[in-house]
$ cat run-v5.txt   # compact mmCIF, C-alpha atoms
# COMPACT_ATOMS: atom_id res chain seq x y z
CA MET Y 26 0.00 0.00 0.00
CA ILE Y 27 1.17 3.51 -0.80
CA VAL Y 28 0.52 6.44 1.54
CA LYS Y 29 1.45 9.94 0.41
CA LYS Y 30 -0.19 11.97 3.19
CA VAL Y 31 -1.60 11.30 6.66
CA TYR Y 32 -4.49 13.19 8.28
CA ALA Y 33 -5.84 13.34 11.82
CA VAL Y 34 -9.55 14.21 11.81
CA TYR Y 35 -11.29 14.33 15.17
CA TYR Y 36 -13.96 15.62 17.52
CA SER Y 37 -12.44 16.26 20.94
CA ALA Y 38 -14.32 18.37 23.50
CA THR Y 39 -11.81 17.95 26.34
CA GLY Y 40 -8.64 17.07 24.39
CA THR Y 41 -8.27 13.34 25.03
CA THR Y 42 -9.33 12.22 21.56
CA GLN Y 43 -7.17 14.92 20.03
CA LYS Y 44 -4.15 13.67 21.96
CA ILE Y 45 -4.43 10.08 20.72
CA ALA Y 46 -5.59 10.74 17.15
CA SER Y 47 -2.87 13.36 16.60
CA PHE Y 48 -0.18 11.17 18.15
CA ILE Y 49 -1.03 8.20 15.94
CA ALA Y 50 -1.24 10.29 12.76
CA GLU Y 51 1.94 12.26 13.49
CA ASN Y 52 4.00 9.17 14.22
CA VAL Y 53 2.72 7.17 11.24
CA ALA Y 54 3.54 10.14 9.00
CA LYS Y 55 6.98 10.52 10.56
CA LYS Y 56 7.85 6.86 10.02
CA LEU Y 57 6.57 6.96 6.44
CA ASN Y 58 8.33 10.28 5.85
CA VAL Y 59 5.18 11.99 4.58
CA GLU Y 60 3.23 15.12 5.52
CA CYS Y 61 0.69 15.12 8.36
CA GLU Y 62 -2.30 17.47 8.54
CA LYS Y 63 -4.89 17.81 11.33
CA TYR Y 64 -8.53 18.83 11.25
CA ASN Y 65 -10.47 19.38 14.48
CA TYR Y 66 -14.22 19.54 13.87
CA SER Y 67 -15.17 20.08 17.52
CA LEU Y 68 -16.59 23.59 17.07
CA PRO Y 69 -19.72 24.39 15.02
CA LYS Y 70 -17.96 26.50 12.36
CA ARG Y 71 -15.55 23.66 11.67
CA ARG Y 72 -18.45 21.35 10.87
CA GLU Y 73 -19.56 23.47 7.93
CA LYS Y 74 -16.69 22.24 5.74
CA VAL Y 75 -16.77 19.11 3.60
CA LEU Y 76 -13.54 17.10 3.81
CA GLU Y 77 -12.55 15.31 0.60
CA PHE Y 78 -9.79 12.72 0.60
CA GLU Y 79 -8.32 10.57 -2.16
CA GLU Y 80 -6.41 7.40 -2.83
CA ASN Y 81 -3.00 7.27 -1.13
CA ASP Y 82 -4.30 9.36 1.79
CA LEU Y 83 -4.48 7.80 5.26
CA VAL Y 84 -7.02 9.28 7.67
CA VAL Y 85 -6.94 8.69 11.44
CA CYS Y 86 -10.51 9.53 12.42
CA GLY Y 87 -11.12 10.01 16.15
CA THR Y 88 -14.22 10.46 18.28
CA PRO Y 89 -15.12 10.03 21.95
CA THR Y 90 -17.64 7.40 23.03
CA TYR Y 91 -20.95 8.77 24.28
CA ALA Y 92 -23.19 6.15 25.95
CA GLY Y 93 -21.42 3.35 24.09
CA ARG Y 94 -21.79 4.86 20.63
CA VAL Y 95 -20.48 7.56 18.33
CA PRO Y 96 -21.92 10.86 19.67
CA ASN Y 97 -25.32 11.17 17.99
CA ILE Y 98 -24.94 14.92 17.56
CA MET Y 99 -21.85 14.32 15.39
CA LEU Y 100 -23.39 11.65 13.17
CA PRO Y 101 -24.65 14.06 10.49
CA TYR Y 102 -21.18 15.57 10.03
CA LEU Y 103 -19.42 12.21 10.01
CA LYS Y 104 -21.88 10.69 7.56
CA ASN Y 105 -22.30 13.62 5.19
CA ASN Y 106 -19.15 15.75 5.29
CA ILE Y 107 -16.20 13.33 5.26
CA LYS Y 108 -15.62 11.71 1.86
CA GLY Y 109 -13.08 8.90 1.50
CA ASN Y 110 -12.87 8.41 -2.29
CA GLY Y 111 -10.75 5.30 -1.77
CA ALA Y 112 -8.51 6.61 1.02
CA LEU Y 113 -7.23 4.38 3.82
CA ALA Y 114 -8.60 4.95 7.31
CA ILE Y 115 -8.05 4.12 10.96
CA PRO Y 116 -11.10 4.68 13.20
CA VAL Y 117 -10.15 5.48 16.81
CA VAL Y 118 -12.49 5.96 19.76
CA LEU Y 119 -11.86 7.19 23.30
CA PHE Y 120 -13.91 5.92 26.23
CA GLY Y 121 -14.11 7.00 29.85
CA ASN Y 122 -12.79 3.80 31.47
CA ARG Y 123 -16.17 2.01 31.23
CA ASN Y 124 -16.44 0.48 27.74
CA PHE Y 125 -16.52 1.65 24.14
CA ASP Y 126 -19.32 -0.86 23.43
CA ASP Y 127 -20.30 -0.34 19.77
CA ALA Y 128 -18.63 3.03 19.16
CA LEU Y 129 -15.66 1.61 17.26
CA ILE Y 130 -17.61 -0.70 14.97
CA GLU Y 131 -20.09 2.12 14.34
CA LEU Y 132 -17.29 4.53 13.38
CA ARG Y 133 -15.70 1.84 11.20
CA ASN Y 134 -18.99 1.28 9.37
CA ILE Y 135 -19.49 5.00 8.81
CA MET Y 136 -16.04 5.32 7.30
CA GLU Y 137 -16.53 2.30 5.06
CA ASP Y 138 -19.88 3.73 3.91
CA ASN Y 139 -18.11 7.02 3.17
CA GLY Y 140 -15.68 5.40 0.74
CA PHE Y 141 -12.74 4.62 3.01
CA HIS Y 142 -10.84 1.35 3.36
CA THR Y 143 -10.33 0.71 7.09
CA ILE Y 144 -7.03 -1.05 7.79
CA ALA Y 145 -6.82 -0.78 11.60
CA GLY Y 146 -8.84 0.47 14.56
CA ALA Y 147 -8.47 1.17 18.27
CA GLY Y 148 -10.26 2.05 21.49
CA PHE Y 149 -8.26 4.11 24.01
CA VAL Y 150 -9.12 5.35 27.50
CA GLY Y 151 -9.53 9.03 28.26
CA GLU Y 152 -10.61 10.78 31.45
CA HIS Y 153 -14.40 10.51 31.63
CA ALA Y 154 -16.32 13.68 30.74
CA PHE Y 155 -18.40 13.33 33.92
CA SER Y 156 -15.52 12.76 36.32
CA TYR Y 157 -12.04 13.78 37.48
CA THR Y 158 -11.33 10.32 38.93
CA LEU Y 159 -12.67 7.91 36.28
CA GLY Y 160 -9.77 7.37 33.90
CA ALA Y 161 -8.00 10.29 35.58
CA ASN Y 162 -5.24 11.90 33.50
CA ARG Y 163 -5.60 9.39 30.71
CA PRO Y 164 -4.41 8.73 28.11
CA ASP Y 165 -1.24 8.45 30.19
CA GLU Y 166 2.32 7.32 29.49
CA LYS Y 167 1.37 3.65 29.40
CA ASP Y 168 -1.44 4.38 26.94
CA MET Y 169 0.90 6.35 24.71
CA GLN Y 170 3.28 3.38 24.59
CA VAL Y 171 0.40 1.21 23.38
CA ALA Y 172 -0.34 3.88 20.79
CA LEU Y 173 3.29 3.83 19.67
CA ASP Y 174 3.21 0.03 19.35
CA PHE Y 175 0.01 0.43 17.33
CA VAL Y 176 1.81 2.86 15.03
CA GLU Y 177 4.58 0.32 14.45
CA LYS Y 178 2.06 -2.35 13.44
CA ILE Y 179 0.25 0.05 11.10
CA VAL Y 180 3.46 1.12 9.40
CA GLU Y 181 4.64 -2.47 9.03
CA LYS Y 182 1.41 -3.44 7.27
CA ILE Y 183 1.48 -0.41 4.99
CA ARG Y 184 5.03 -1.28 3.95
CA THR Y 185 4.52 -5.02 3.50
CA VAL Y 186 0.95 -5.43 2.21
CA GLU Y 187 0.65 -4.61 -1.48
CA ASN Y 188 -3.10 -4.71 -2.04
CA ILE Y 189 -5.76 -2.82 -0.16
CA PRO Y 190 -7.91 -5.33 1.80
CA SER Y 191 -11.35 -5.97 0.39
CA GLU Y 192 -12.93 -6.42 3.84
CA PRO Y 193 -13.20 -3.84 6.65
CA ILE Y 194 -10.90 -4.24 9.63
CA LYS Y 195 -12.46 -6.57 12.21
CA VAL Y 196 -13.12 -4.80 15.52
CA ARG Y 197 -15.07 -5.55 18.67
CA GLY Y 198 -18.73 -4.59 18.63
CA ASN Y 199 -22.24 -5.73 17.81
CA GLU Y 200 -24.12 -5.65 14.55
CA PRO Y 201 -26.75 -4.43 14.40
CA ILE Y 202 -25.48 -1.57 16.57
CA ARG Y 203 -27.04 -1.53 20.03
CA PRO Y 204 -29.06 1.43 21.36
CA TYR Y 205 -27.27 4.14 23.33
CA TYR Y 206 -26.42 3.09 26.89
CA THR Y 207 -29.12 4.12 29.40
CA PRO Y 208 -28.08 4.90 32.98
CA ARG Y 209 -30.31 3.39 35.67
CA ASP Y 210 -30.86 3.94 39.38
CA ARG Y 211 -30.63 1.30 42.14
CA HIS Y 212 -34.18 0.17 41.31
CA GLU Y 213 -33.31 -0.29 37.61
CA HIS Y 214 -35.36 2.74 36.60
CA ALA Y 215 -33.93 4.71 33.67
CA ILE Y 216 -32.26 8.01 34.59
CA ASP Y 217 -33.01 10.79 32.11
CA ILE Y 218 -30.17 13.30 32.01
CA LEU Y 219 -30.69 14.50 28.44
CA LYS Y 220 -31.89 17.96 29.49
CA VAL Y 221 -29.53 18.36 32.45
CA LYS Y 222 -27.06 21.25 32.10
CA PRO Y 223 -24.15 22.46 34.26
CA LYS Y 224 -24.82 25.38 36.54
CA VAL Y 225 -22.49 28.29 37.26
CA ASN Y 226 -21.19 29.54 40.60
CA LEU Y 227 -21.38 33.24 39.75
CA SER Y 228 -19.37 34.21 42.83
CA LYS Y 229 -16.34 32.43 41.30
CA CYS Y 230 -17.00 33.25 37.63
CA THR Y 231 -14.74 35.95 36.15
CA ASP Y 232 -16.72 36.12 32.88
CA CYS Y 233 -13.65 35.07 30.87
CA LYS Y 234 -16.04 33.39 28.40
CA ILE Y 235 -13.75 30.41 27.84
CA CYS Y 236 -16.75 28.15 28.38
CA ALA Y 237 -18.67 29.86 25.58
CA HIS Y 238 -15.69 29.62 23.22
CA VAL Y 239 -15.08 25.89 23.79
CA CYS Y 240 -18.68 24.61 23.78
CA PRO Y 241 -18.91 22.22 20.79
CA MET Y 242 -22.58 23.07 20.34
CA GLY Y 243 -22.18 26.85 20.66
CA SER Y 244 -24.84 26.62 23.36
CA ILE Y 245 -23.48 28.98 26.02
CA ASP Y 246 -24.69 32.60 25.82
CA PHE Y 247 -21.73 34.97 25.36
CA ASN Y 248 -23.67 37.79 27.05
CA ASP Y 249 -24.58 35.69 30.08
CA VAL Y 250 -22.54 32.51 30.44
CA SER Y 251 -24.96 31.12 33.02
CA LYS Y 252 -27.59 30.81 30.26
CA TYR Y 253 -27.89 28.34 27.41
CA VAL Y 254 -29.05 29.06 23.87
CA GLY Y 255 -28.89 25.46 22.66
CA ILE Y 256 -28.56 21.84 23.73
CA CYS Y 257 -25.96 20.46 26.13
CA THR Y 258 -24.30 17.13 25.35
CA LYS Y 259 -22.55 16.96 28.73
CA CYS Y 260 -19.21 16.69 26.94
CA GLY Y 261 -17.33 18.28 29.87
CA ALA Y 262 -15.59 21.02 27.87
CA CYS Y 263 -17.02 23.97 29.79
CA ILE Y 264 -16.37 22.30 33.16
CA LYS Y 265 -12.87 20.98 32.58
CA LYS Y 266 -11.59 24.05 30.74
CA CYS Y 267 -12.95 26.61 33.22
CA PRO Y 268 -9.90 28.13 34.98
CA GLU Y 269 -11.95 28.91 38.10
CA LYS Y 270 -13.73 25.52 38.27
CA CYS Y 271 -17.02 27.33 38.70
CA ARG Y 272 -19.28 25.05 36.63
CA TYR Y 273 -20.97 22.13 38.32
CA TYR Y 274 -23.95 19.74 38.27
CA ASP Y 275 -26.50 19.45 41.05
CA ASP Y 276 -29.08 17.22 39.35
CA GLU Y 277 -29.78 14.21 41.58
CA GLY Y 278 -30.01 11.70 38.72
CA TYR Y 279 -26.84 12.94 37.06
CA LEU Y 280 -24.87 12.81 40.31
CA TYR Y 281 -26.15 9.30 41.08
CA HIS Y 282 -25.02 8.12 37.65
CA GLN Y 283 -21.63 9.84 38.02
CA HIS Y 284 -20.93 8.28 41.41
CA GLU Y 285 -22.13 4.87 40.23
CA LEU Y 286 -19.73 4.99 37.28
CA GLU Y 287 -16.84 6.02 39.54
CA GLU Y 288 -17.51 3.18 41.97
CA GLN Y 289 -18.32 0.45 39.45
CA PHE Y 290 -15.54 1.15 36.96
CA GLU Y 291 -12.64 2.31 39.13
CA ARG Y 292 -10.42 -0.52 37.78
CA ARG Y 293 -7.99 0.40 35.06
CA ALA Y 294 -9.44 -0.38 31.65
CA GLU Y 295 -6.88 -0.97 28.91
CA PRO Y 296 -6.75 0.10 25.27
CA GLU Y 297 -7.71 -2.35 22.56
CA ILE Y 298 -6.10 -2.30 19.12
CA PHE Y 299 -7.08 -4.07 15.92
CA TYR Y 300 -5.01 -4.41 12.76
CA MET Y 301 -4.70 -6.61 9.68

$ encode --input "run-v5.txt" --output "structure tokens"
Amino acid sequence: MIVKKVYAVYYSATGTTQKIASFIAENVAKKLNVECEKYNYSLPKRREKVLEFEENDLVVCGTPTYAGRVPNIMLPYLKNNIKGNGALAIPVVLFGNRNFDDALIELRNIMEDNGFHTIAGAGFVGEHAFSYTLGANRPDEKDMQVALDFVEKIVEKIRTVENIPSEPIKVRGNEPIRPYYTPRDRHEHAIDILKVKPKVNLSKCTDCKICAHVCPMGSIDFNDVSKYVGICTKCGACIKKCPEKCRYYDDEGYLYHQHELEEQFERRAEPEIFYM
């Protein structure tokens, strides 16, 4: 297989997906001695562009896992605005130390449907959007070593395999894709957190407006950052990037789910890689 340029294309609200997708793309490009370009479609304006690739391109496409799937709010962009035209691809998902469930196989299928040939795939751990303790500070040094080993395997296959595989890369996941994961309380009743939004401690807020700038949905009012003008996906960007740590949740159902995740999945989950 011939690769003339490598791309990292990703949605990354808090930076964990960006870290892994960029690292993989940069190091594959370095070892192949080709150019690397990055495209971050996290902010609304960046999702207006159509990305067209071509044969001999390699695209590392990264997304976080939301409720065991590709974030539903990003599906229209992924399905309609990223065109493979025969390019090679590596789908990569980040998950918050619980499980990536069907996110990776879903992303793989989207890329195949978009005209890419998937040759590898991976699920890596990032700090959970709801927590500072679940997957804290990940991806860490150990994760990055796994990513580097993954790069070596990718490069070896590119150099030694002449023909593009006719079948998609095999990854873990269910087909048909399962519904989005539903949190439940101790009585097995579903917890609805779809409309829950972070609140603001105005006594700590300096009105720096970082939260409004980083919101992937453009949902925080620039004139009053305690108000919302659109939906909240609970991606964690406004909370984790606030220098004063003044954003918080007080919804009972959300907090129950957060604490349950932290208690049930405190063990260290490990990355999973898949290659030809």

$ atom_distance --input "run-v5.txt" --atom1 "CA of Asp246 in chain Y" --atom2 "CA of Lys44 in chain Y"
28.2 Å

$ atom_distance --input "run-v5.txt" --atom1 "CA of Val53 in chain Y" --atom2 "CA of Ile194 in chain Y"
17.8 Å

$ closest_residue --input "run-v5.txt" --among "Y:Ile218, Y:Ala294, Y:Ile115, Y:Val180" --to "Lys195 in chain Y" --atoms "only C-alpha atoms"
Y:Ile115

$ residues_around --input "run-v5.txt" --residues "range 157-166 of chain Y" --least-positions-apart "2" --cutoff "7 Å" --atoms "all atoms listed in the file" --output "list in words"
Thr41, Gly121, Asn122, Val150, Gly151, Glu152, His153, Asp168, Met169, Gln170, Glu287 and Glu291 of chain Y

$ closest_atom_pairs --input "run-v5.txt" --of "range 66-185 of chain Y" --to "range 266-277 of chain Y" --cutoff "12 Å" --atoms "all atoms listed in the file" --output "Markdown table"
| residue | atom | partner | partner_atom | distance |
| --- | --- | --- | --- | --- |
| Y:Ala154 | CA | Y:Lys266 | CA | 11.4 |
| Y:Phe155 | CA | Y:Tyr274 | CA | 9.5 |
| Y:Ser156 | CA | Y:Tyr273 | CA | 11.0 |
| Y:Tyr157 | CA | Y:Lys270 | CA | 11.9 |

$ closest_residue --input "run-v5.txt" --among "Y:Ala262, Y:Ile256, Y:Ile135, Y:Ile202" --to "Tyr36 in chain Y" --atoms "all atoms listed in the file"
Y:Ala262

$ residues_around --input "run-v5.txt" --residues "Arg71 in chain Y" --least-positions-apart "4" --cutoff "12 Å" --atoms "all atoms listed in the file" --output "list in words"
Val34, Tyr35, Tyr36, Tyr64, Asn65, Tyr66, Ser67, Val75, Leu76, Met99, Tyr102, Asn106, Pro241, Met242 and Gly243 of chain Y

$ atom_distance --input "run-v5.txt" --atom1 "CA of Arg292 in chain Y" --atom2 "CA of Gly146 in chain Y"
23.3 Å

$ residues_around --input "run-v5.txt" --residues "Cys61 in chain Y" --least-positions-apart "5" --cutoff "10 Å" --atoms "only C-alpha atoms" --output "number ranges by chain"
Y: 29-33, 47, 50-55, 83-84

$ decode --input "run-v5.txt" --residues "range 44-55 of chain Y" --atoms "N, CA, C and O atoms" --output "JSON list (two decimals), in the first residue's frame"
[["chain", "number", "residue", "atom", "x", "y", "z"],
["Y", 44, "LYS", "N", -5.48, 14.13, 21.57],
["Y", 44, "LYS", "CA", -4.15, 13.67, 21.96],
["Y", 44, "LYS", "C", -3.79, 12.35, 21.27],
["Y", 44, "LYS", "O", -2.70, 12.21, 20.71],
["Y", 45, "ILE", "N", -4.71, 11.40, 21.29],
["Y", 45, "ILE", "CA", -4.43, 10.08, 20.72],
["Y", 45, "ILE", "C", -4.45, 10.12, 19.19],
["Y", 45, "ILE", "O", -3.54, 9.59, 18.53],
["Y", 46, "ALA", "N", -5.48, 10.71, 18.61],
["Y", 46, "ALA", "CA", -5.59, 10.74, 17.15],
["Y", 46, "ALA", "C", -4.40, 11.47, 16.53],
["Y", 46, "ALA", "O", -3.83, 11.02, 15.52],
["Y", 47, "SER", "N", -4.01, 12.60, 17.12],
["Y", 47, "SER", "CA", -2.87, 13.36, 16.60],
["Y", 47, "SER", "C", -1.58, 12.59, 16.74],
["Y", 47, "SER", "O", -0.74, 12.57, 15.83],
["Y", 48, "PHE", "N", -1.41, 11.93, 17.89],
["Y", 48, "PHE", "CA", -0.18, 11.17, 18.15],
["Y", 48, "PHE", "C", -0.02, 10.04, 17.12],
["Y", 48, "PHE", "O", 1.06, 9.84, 16.56],
["Y", 49, "ILE", "N", -1.10, 9.31, 16.89],
["Y", 49, "ILE", "CA", -1.03, 8.20, 15.94],
["Y", 49, "ILE", "C", -0.72, 8.72, 14.54],
["Y", 49, "ILE", "O", 0.18, 8.22, 13.85],
["Y", 50, "ALA", "N", -1.44, 9.75, 14.10],
["Y", 50, "ALA", "CA", -1.24, 10.29, 12.76],
["Y", 50, "ALA", "C", 0.17, 10.87, 12.59],
["Y", 50, "ALA", "O", 0.85, 10.62, 11.59],
["Y", 51, "GLU", "N", 0.61, 11.64, 13.58],
["Y", 51, "GLU", "CA", 1.94, 12.26, 13.49],
["Y", 51, "GLU", "C", 3.04, 11.22, 13.39],
["Y", 51, "GLU", "O", 3.98, 11.36, 12.60],
["Y", 52, "ASN", "N", 2.93, 10.17, 14.19],
["Y", 52, "ASN", "CA", 4.00, 9.17, 14.22],
["Y", 52, "ASN", "C", 3.97, 8.24, 13.01],
["Y", 52, "ASN", "O", 5.03, 7.82, 12.53],
["Y", 53, "VAL", "N", 2.79, 7.94, 12.49],
["Y", 53, "VAL", "CA", 2.72, 7.17, 11.24],
["Y", 53, "VAL", "C", 3.34, 7.99, 10.12],
["Y", 53, "VAL", "O", 4.14, 7.48, 9.32],
["Y", 54, "ALA", "N", 3.00, 9.27, 10.05],
["Y", 54, "ALA", "CA", 3.54, 10.14, 9.00],
["Y", 54, "ALA", "C", 5.06, 10.27, 9.11],
["Y", 54, "ALA", "O", 5.77, 10.22, 8.10],
["Y", 55, "LYS", "N", 5.53, 10.39, 10.34],
["Y", 55, "LYS", "CA", 6.98, 10.52, 10.56],
["Y", 55, "LYS", "C", 7.72, 9.27, 10.08],
["Y", 55, "LYS", "O", 8.75, 9.37, 9.40]]
